[in-house]
>>> print(open('protein_29.csv').read())   # CSV, C-alpha atoms
chain,number,residue,atom,x,y,z
A,270,MET,CA,-26.1,4.4,5.2
A,271,GLU,CA,-27.9,2.6,8.0
A,272,HIS,CA,-30.8,1.8,5.7
A,273,THR,CA,-28.4,0.5,3.0
A,274,ALA,CA,-26.6,-1.7,5.6
A,275,THR,CA,-29.9,-3.1,6.7
A,276,LEU,CA,-30.8,-4.1,3.2
A,277,LEU,CA,-27.4,-5.6,2.5
A,278,SER,CA,-27.6,-7.7,5.7
A,279,LEU,CA,-30.3,-9.7,3.9
A,280,MET,CA,-27.8,-10.8,1.2
A,281,ALA,CA,-27.1,-14.5,1.8
A,282,PHE,CA,-23.8,-16.2,1.3
A,283,PRO,CA,-23.9,-18.8,-1.5
A,284,ASP,CA,-25.0,-22.2,-0.2
A,285,ILE,CA,-21.8,-24.1,-1.2
A,286,ASP,CA,-20.9,-27.0,1.0
A,287,PRO,CA,-17.1,-26.9,1.7
A,288,VAL,CA,-17.2,-30.7,1.4
A,289,ILE,CA,-17.6,-31.9,-2.2
A,290,PHE,CA,-18.3,-35.5,-1.3
A,291,ALA,CA,-17.5,-37.9,1.4
A,292,ILE,CA,-16.7,-41.6,1.4
A,293,GLY,CA,-17.1,-42.9,4.9
A,294,PRO,CA,-14.7,-40.8,7.1
A,295,VAL,CA,-12.8,-39.5,4.0
A,296,GLN,CA,-13.9,-36.1,2.8
A,297,VAL,CA,-13.0,-34.3,-0.4
A,298,ARG,CA,-13.1,-30.6,0.1
A,299,TRP,CA,-13.0,-27.6,-2.2
A,300,TYR,CA,-10.0,-26.3,-0.3
A,301,GLY,CA,-7.9,-29.4,-1.1
A,302,LEU,CA,-9.2,-29.5,-4.7
A,303,ALA,CA,-8.1,-25.9,-5.2
A,304,TYR,CA,-4.5,-26.8,-4.3
A,305,VAL,CA,-4.5,-29.8,-6.6
A,306,VAL,CA,-6.0,-27.8,-9.6
A,307,GLY,CA,-3.7,-24.8,-9.0
A,308,ILE,CA,-0.6,-26.9,-8.9
A,309,LEU,CA,-1.5,-29.0,-12.0
A,310,LEU,CA,-2.5,-26.0,-14.1
A,311,GLY,CA,0.7,-24.1,-12.9
A,312,TRP,CA,2.7,-27.2,-13.9
A,313,GLN,CA,1.3,-27.2,-17.4
A,314,TYR,CA,1.9,-23.5,-17.8
A,315,ALA,CA,5.5,-23.9,-16.6
A,316,ARG,CA,6.2,-26.7,-19.1
A,317,ARG,CA,5.0,-24.4,-21.9
A,318,LEU,CA,7.3,-21.6,-20.8
A,319,VAL,CA,10.3,-23.9,-20.7
A,320,ALA,CA,9.5,-25.4,-24.1
A,321,ASN,CA,9.2,-22.0,-25.8
A,322,ASP,CA,12.7,-21.1,-27.0
A,323,SER,CA,11.7,-17.7,-28.2
A,324,LEU,CA,11.2,-16.5,-24.6
A,325,TRP,CA,14.8,-17.3,-23.6
A,326,PRO,CA,18.2,-15.9,-24.6
A,327,GLN,CA,20.4,-18.0,-26.9
A,328,SER,CA,21.8,-19.9,-23.9
A,329,GLY,CA,18.3,-21.2,-23.2
A,330,PRO,CA,16.6,-21.9,-19.9
A,331,ARG,CA,19.0,-24.7,-19.0
A,332,MET,CA,16.1,-26.8,-17.8
A,333,THR,CA,13.7,-29.1,-19.5
A,334,GLN,CA,10.1,-30.1,-19.3
A,335,LEU,CA,11.3,-33.3,-17.5
A,336,ASP,CA,12.9,-31.1,-14.8
A,337,ILE,CA,9.6,-29.3,-14.4
A,338,ASP,CA,7.8,-32.7,-14.1
A,339,ASP,CA,10.3,-33.8,-11.4
A,340,PHE,CA,10.0,-30.5,-9.6
A,341,LEU,CA,6.3,-30.9,-9.2
A,342,ILE,CA,6.7,-33.2,-6.2
A,343,TRP,CA,9.2,-30.9,-4.6
A,344,ALA,CA,6.9,-27.9,-5.1
A,345,THR,CA,3.9,-29.7,-3.7
A,346,VAL,CA,5.8,-30.6,-0.5
A,347,GLY,CA,7.2,-27.1,-0.2
A,348,ILE,CA,3.8,-25.5,-0.6
A,349,VAL,CA,1.9,-27.7,1.8
A,350,ALA,CA,4.5,-28.1,4.5
A,351,GLY,CA,5.7,-24.5,4.3
A,352,GLY,CA,2.1,-23.2,4.2
A,353,ARG,CA,1.0,-25.1,7.2
A,354,ILE,CA,4.1,-24.5,9.3
A,355,GLY,CA,4.0,-20.9,8.4
A,356,TYR,CA,0.3,-20.6,9.6
A,357,ILE,CA,1.2,-22.3,12.8
A,358,LEU,CA,4.2,-20.0,13.5
A,359,PHE,CA,2.7,-16.8,12.3
A,360,TYR,CA,-0.9,-17.0,13.2
A,361,ASP,CA,-1.9,-19.9,15.5
A,362,PHE,CA,1.1,-20.9,17.6
A,363,ALA,CA,-0.6,-20.6,21.0
A,364,ALA,CA,-3.7,-22.7,20.1
A,365,ILE,CA,-1.6,-25.4,18.5
A,366,ALA,CA,0.9,-25.5,21.4
A,367,ALA,CA,-2.1,-26.2,23.7
A,368,ASN,CA,-3.5,-28.8,21.3
A,369,PRO,CA,-0.8,-30.2,18.9
A,370,MET,CA,-3.3,-32.3,17.0
A,371,ARG,CA,-4.8,-29.1,15.7
A,372,ALA,CA,-1.7,-28.7,13.5
A,373,LEU,CA,-3.1,-31.5,11.3
A,374,GLU,CA,-6.4,-29.9,10.8
A,375,ILE,CA,-5.6,-27.8,7.7
A,376,TRP,CA,-9.3,-26.9,7.4
A,377,ASN,CA,-9.1,-25.3,10.9
A,378,GLY,CA,-7.1,-22.1,10.1
A,379,GLY,CA,-5.6,-23.3,6.9
A,380,MET,CA,-2.4,-22.3,5.3
A,381,SER,CA,-0.1,-19.2,5.2
A,382,PHE,CA,1.0,-17.9,1.8
A,383,HIS,CA,4.1,-16.5,3.3
A,384,GLY,CA,5.0,-19.8,4.8
A,385,GLY,CA,4.2,-21.6,1.5
A,386,LEU,CA,6.5,-19.2,-0.3
A,387,LEU,CA,9.3,-19.9,2.1
A,388,GLY,CA,8.7,-23.7,1.8
A,389,THR,CA,8.7,-23.4,-2.0
A,390,LEU,CA,11.9,-21.2,-1.9
A,391,VAL,CA,13.7,-23.9,0.0
A,392,ALA,CA,12.5,-26.6,-2.5
A,393,MET,CA,13.6,-24.5,-5.5
A,394,ILE,CA,17.1,-23.9,-4.1
A,395,LEU,CA,17.6,-27.6,-3.3
A,396,PHE,CA,16.2,-28.8,-6.6
A,397,ALA,CA,18.2,-26.3,-8.7
A,398,ARG,CA,21.4,-27.3,-7.0
A,399,SER,CA,20.7,-31.0,-7.5
A,400,ARG,CA,20.1,-30.4,-11.3
A,401,GLY,CA,22.7,-27.7,-12.0
A,402,ILE,CA,19.9,-25.3,-13.0
A,403,PRO,CA,20.5,-21.5,-12.5
A,404,VAL,CA,18.4,-20.8,-9.4
A,405,PHE,CA,17.0,-17.5,-10.7
A,406,ASN,CA,15.8,-19.1,-13.9
A,407,LEU,CA,13.8,-21.6,-11.7
A,408,PHE,CA,12.6,-18.7,-9.5
A,409,ASP,CA,11.2,-16.9,-12.6
A,410,ILE,CA,9.4,-20.0,-13.9
A,411,VAL,CA,7.8,-20.8,-10.6
A,412,CYS,CA,6.8,-17.2,-9.8
A,413,ALA,CA,5.2,-16.9,-13.2
A,414,VAL,CA,2.7,-19.6,-12.4
A,415,VAL,CA,2.1,-19.0,-8.7
A,416,PRO,CA,-0.8,-16.6,-9.4
A,417,VAL,CA,-2.7,-19.6,-10.9
A,418,GLY,CA,-2.6,-21.3,-7.5
A,419,LEU,CA,-3.4,-18.1,-5.6
A,420,PHE,CA,-6.5,-17.6,-7.7
A,421,PHE,CA,-8.0,-21.0,-6.9
A,422,GLY,CA,-6.8,-20.9,-3.3
A,423,ARG,CA,-8.6,-17.6,-2.6
A,424,LEU,CA,-11.8,-19.0,-4.2
A,425,ALA,CA,-11.6,-21.9,-1.8
A,426,ASN,CA,-11.2,-19.5,1.1
A,427,PHE,CA,-14.4,-17.8,-0.1
A,428,ILE,CA,-16.3,-21.2,-0.2
A,429,ASN,CA,-14.9,-22.0,3.2
A,430,SER,CA,-16.3,-18.7,4.5
A,431,GLU,CA,-12.9,-17.7,6.0
A,432,LEU,CA,-10.5,-14.7,5.7
A,433,TRP,CA,-13.5,-12.4,5.1
A,434,GLY,CA,-13.2,-8.6,5.4
A,435,LYS,CA,-14.5,-5.8,7.6
A,436,LEU,CA,-18.1,-4.6,7.9
A,437,THR,CA,-19.1,-2.6,4.9
A,438,ASP,CA,-22.1,-1.2,2.9
A,439,VAL,CA,-20.7,-1.7,-0.6
A,440,PRO,CA,-23.2,-3.3,-3.0
A,441,TRP,CA,-21.1,-6.5,-3.5
A,442,ALA,CA,-20.8,-7.3,0.2
A,443,PHE,CA,-21.7,-10.7,1.6
A,444,VAL,CA,-23.1,-12.0,4.9
A,445,PHE,CA,-20.7,-14.8,5.7
A,446,PRO,CA,-22.0,-17.7,7.8
A,447,THR,CA,-19.0,-17.4,10.2
A,448,GLY,CA,-18.8,-13.6,10.1
A,449,GLY,CA,-21.9,-12.5,12.0
A,450,PRO,CA,-25.2,-11.1,10.7
A,451,PHE,CA,-23.8,-8.0,8.8
A,452,PRO,CA,-22.3,-7.7,5.3
A,453,ARG,CA,-18.6,-7.8,4.9
A,454,HIS,CA,-16.0,-7.1,2.2
A,455,PRO,CA,-15.4,-10.4,0.2
A,456,THR,CA,-11.6,-9.9,0.6
A,457,GLN,CA,-11.0,-13.5,-0.7
A,458,LEU,CA,-12.4,-12.4,-4.1
A,459,TYR,CA,-10.3,-9.2,-4.0
A,460,GLU,CA,-7.2,-11.3,-3.5
A,461,ALA,CA,-8.3,-13.8,-6.2
A,462,ALA,CA,-8.6,-10.8,-8.6
A,463,LEU,CA,-5.4,-8.9,-7.7
A,464,GLU,CA,-3.0,-11.6,-6.6
A,465,GLY,CA,-4.4,-14.1,-9.0
A,466,LEU,CA,-5.8,-12.9,-12.3
A,467,LEU,CA,-4.2,-9.4,-12.5
A,468,LEU,CA,-0.7,-10.5,-11.4
A,469,LEU,CA,-0.9,-13.5,-13.8
A,470,ALA,CA,-1.7,-11.2,-16.7
A,471,VAL,CA,1.0,-8.7,-15.8
A,472,LEU,CA,3.7,-11.4,-15.5
A,473,ALA,CA,2.5,-13.0,-18.8
A,474,TRP,CA,2.8,-9.6,-20.5
A,475,LEU,CA,6.3,-9.2,-19.2
A,476,ILE,CA,7.3,-12.7,-20.4
A,477,TYR,CA,5.7,-12.7,-23.8
A,478,ARG,CA,5.9,-9.0,-24.8
A,479,ARG,CA,9.0,-7.8,-22.9
A,480,LYS,CA,11.0,-11.0,-22.9
A,481,ALA,CA,11.5,-10.7,-19.2
A,482,LEU,CA,12.9,-14.2,-18.9
A,483,SER,CA,16.1,-13.0,-20.6
A,484,GLN,CA,16.9,-11.2,-17.3
A,485,PRO,CA,17.0,-13.8,-14.5
A,486,GLY,CA,15.1,-12.6,-11.4
A,487,LEU,CA,13.0,-10.0,-13.2
A,488,VAL,CA,9.8,-12.0,-13.3
A,489,ALA,CA,10.4,-13.3,-9.7
A,490,GLY,CA,11.0,-9.8,-8.5
A,491,CYS,CA,7.9,-8.4,-10.2
A,492,PHE,CA,5.8,-11.2,-8.8
A,493,VAL,CA,7.1,-10.6,-5.2
A,494,ILE,CA,6.5,-6.8,-5.6
A,495,GLY,CA,3.0,-7.3,-7.0
A,496,TYR,CA,2.0,-9.8,-4.4
A,497,ALA,CA,3.3,-7.6,-1.5
A,498,LEU,CA,1.6,-4.5,-2.7
A,499,SER,CA,-1.7,-6.3,-3.4
A,500,ARG,CA,-1.6,-8.0,0.1
A,501,ILE,CA,-0.8,-4.8,1.9
A,502,PHE,CA,-3.6,-3.0,0.1
A,503,ILE,CA,-6.2,-5.7,0.8
A,504,GLU,CA,-5.2,-5.9,4.5
A,505,PHE,CA,-6.9,-2.5,4.9
A,506,PHE,CA,-10.2,-4.2,4.1
A,507,ARG,CA,-9.6,-7.6,5.7
A,508,GLU,CA,-10.6,-8.5,9.2
A,509,PRO,CA,-7.4,-9.6,11.1
A,510,ASP,CA,-7.1,-13.0,12.6
A,511,VAL,CA,-9.0,-12.9,15.8
A,512,GLN,CA,-6.2,-14.6,17.8
A,513,ILE,CA,-3.8,-11.8,16.7
A,514,GLY,CA,-5.8,-8.7,15.9
A,515,TYR,CA,-4.0,-5.5,15.0
A,516,LEU,CA,-0.3,-5.3,15.9
A,517,ALA,CA,-0.3,-1.5,16.2
A,518,GLY,CA,-2.3,1.6,15.6
A,519,GLY,CA,-5.6,-0.1,15.0
A,520,TRP,CA,-4.5,-0.9,11.3
A,521,LEU,CA,-1.2,-2.7,11.2
A,522,THR,CA,-1.7,-6.5,10.6
A,523,MET,CA,0.6,-9.5,10.5
A,524,GLY,CA,-0.1,-9.8,6.7
A,525,MET,CA,1.4,-6.3,6.2
A,526,VAL,CA,4.4,-7.0,8.4
A,527,LEU,CA,5.2,-10.2,6.5
A,528,SER,CA,4.8,-8.5,3.1
A,529,LEU,CA,7.2,-5.7,3.8
A,530,PRO,CA,10.4,-7.9,3.6
A,531,MET,CA,8.9,-9.4,0.4
A,532,LEU,CA,8.6,-5.9,-1.1
A,533,ALA,CA,12.2,-5.1,-0.3
A,534,VAL,CA,13.5,-8.4,-1.8
A,535,GLY,CA,11.4,-7.9,-4.9
A,536,ILE,CA,12.8,-4.4,-5.5
A,537,TRP,CA,16.3,-5.8,-5.1
A,538,ALA,CA,15.6,-8.6,-7.5
A,539,VAL,CA,14.3,-6.3,-10.2
A,540,ALA,CA,17.1,-3.8,-9.7
A,541,THR,CA,19.8,-6.4,-10.1
A,542,ALA,CA,18.2,-8.5,-12.8
A,543,ARG,CA,20.0,-6.9,-15.7
A,544,SER,CA,23.4,-7.7,-14.1
A,545,ARG,CA,22.5,-11.4,-14.1
A,546,ALA,CA,21.5,-11.4,-17.8
>>> encode(input="protein_29.csv", output="structure tokens")
Amino acid sequence: MEHTATLLSLMAFPDIDPVIFAIGPVQVRWYGLAYVVGILLGWQYARRLVANDSLWPQSGPRMTQLDIDDFLIWATVGIVAGGRIGYILFYDFAAIAANPMRALEIWNGGMSFHGGLLGTLVAMILFARSRGIPVFNLFDIVCAVVPVGLFFGRLANFINSELWGKLTDVPWAFVFPTGGPFPRHPTQLYEAALEGLLLLAVLAWLIYRRKALSQPGLVAGCFVIGYALSRIFIEFFREPDVQIGYLAGGWLTMGMVLSLPMLAVGIWAVATARSRA
């Protein structure tokens, strides 16, 4: 095993500059581009779901493609504001309290998915009420497309050489520039695969094959359950944030703790979906 680890330590991280290009002091980063691409592709997918009458019961989705277009701005604000505030509160509060300007440095620590979810949740509730849209129908549409953004976001984490995993000797390990001289689990790619591609495929199967949109809250509940289970599983391979470490037992992380309430809410949403049909 020691010999294998020595060989793997020679594996270099792909030489990808986190900055795509710069014009004077303005830098365009892969991290920001991932958010833009994820939101735009998710928006297009959401428009197709709303326009497909065969996916909905006879009463229809009670929302239009124009509603989805208008919600794009609300969702963007919710994702960015919630994601950054969530990271500050859950992961980096002490450092930002000491240096408030650090809060604006989204490349220094980044975003929290759980915070972005809460921000988007608030945006969805406010928007649905303003348009008279059943809130669970909007939940389902948004949750169906969130894995698209998660996929691109985790790829950006990989390019940024952040959120890497624990030391390992698996053949697909990487030596990250910010992770020391030894190979580590590429947990960003694990998350891109599970929370992104796999979860997107499962939700699409439920929508197109099982007509899950006919039971408001079913798609949203399945998304929340799928994300929570994926995140808890991956946390066993992921190095915890250095400023927090393990919360207990040498294995419990903040990501696990934040995912447990999501799991409970997701189970409730699935269990009660039929009653909302």
>>> atom_distance(input="protein_29.csv", atom1="CA of Lys480 in chain A", atom2="CA of Gly535 in chain A")
18.3 Å
>>> residues_around(input="protein_29.csv", residues="Val417 in chain A", least_positions_apart="4", cutoff="10 Å", atoms="all atoms listed in the file", output="list in words")
Tyr304, Val306, Gly307, Ile308, Leu309, Leu310, Gly311, Trp312, Tyr314, Cys412, Ala413, Phe421, Gly422, Ala461, Glu464, Gly465, Leu466, Leu468 and Leu469 of chain A
>>> closest_atom_pairs(input="protein_29.csv", of="range 499-540 of chain A", to="range 385-405 of chain A", cutoff="12 Å", atoms="only C-alpha atoms", output="Markdown table")
| residue | atom | partner | partner_atom | distance |
| --- | --- | --- | --- | --- |
| A:Leu527 | CA | A:Leu386 | CA | 11.4 |
| A:Ser528 | CA | A:Leu386 | CA | 11.4 |
| A:Met531 | CA | A:Leu386 | CA | 10.1 |
| A:Ala538 | CA | A:Phe405 | CA | 9.6 |
| A:Val539 | CA | A:Phe405 | CA | 11.5 |
>>> closest_residue(input="protein_29.csv", among="A:Asn429, A:Gln296, A:Ser544, A:Ser381", to="Ser483 in chain A", atoms="only C-alpha atoms")
A:Ser544
>>> closest_residue(input="protein_29.csv", among="A:Glu504, A:Leu521, A:Asp510, A:Ala481", to="Leu324 in chain A", atoms="only C-alpha atoms")
A:Ala481
>>> atom_distance(input="protein_29.csv", atom1="CA of Pro369 in chain A", atom2="CA of Ala350 in chain A")
15.5 Å
>>> atom_distance(input="protein_29.csv", atom1="CA of Phe492 in chain A", atom2="CA of Asp409 in chain A")
8.7 Å
>>> closest_residue(input="protein_29.csv", among="A:Phe282, A:Trp433, A:Trp325, A:Phe408", to="Gly490 in chain A", atoms="all atoms listed in the file")
A:Phe408
>>> closest_residue(input="protein_29.csv", among="A:Leu407, A:Ala497, A:Leu532, A:Ala366", to="Met332 in chain A", atoms="only C-alpha atoms")
A:Leu407
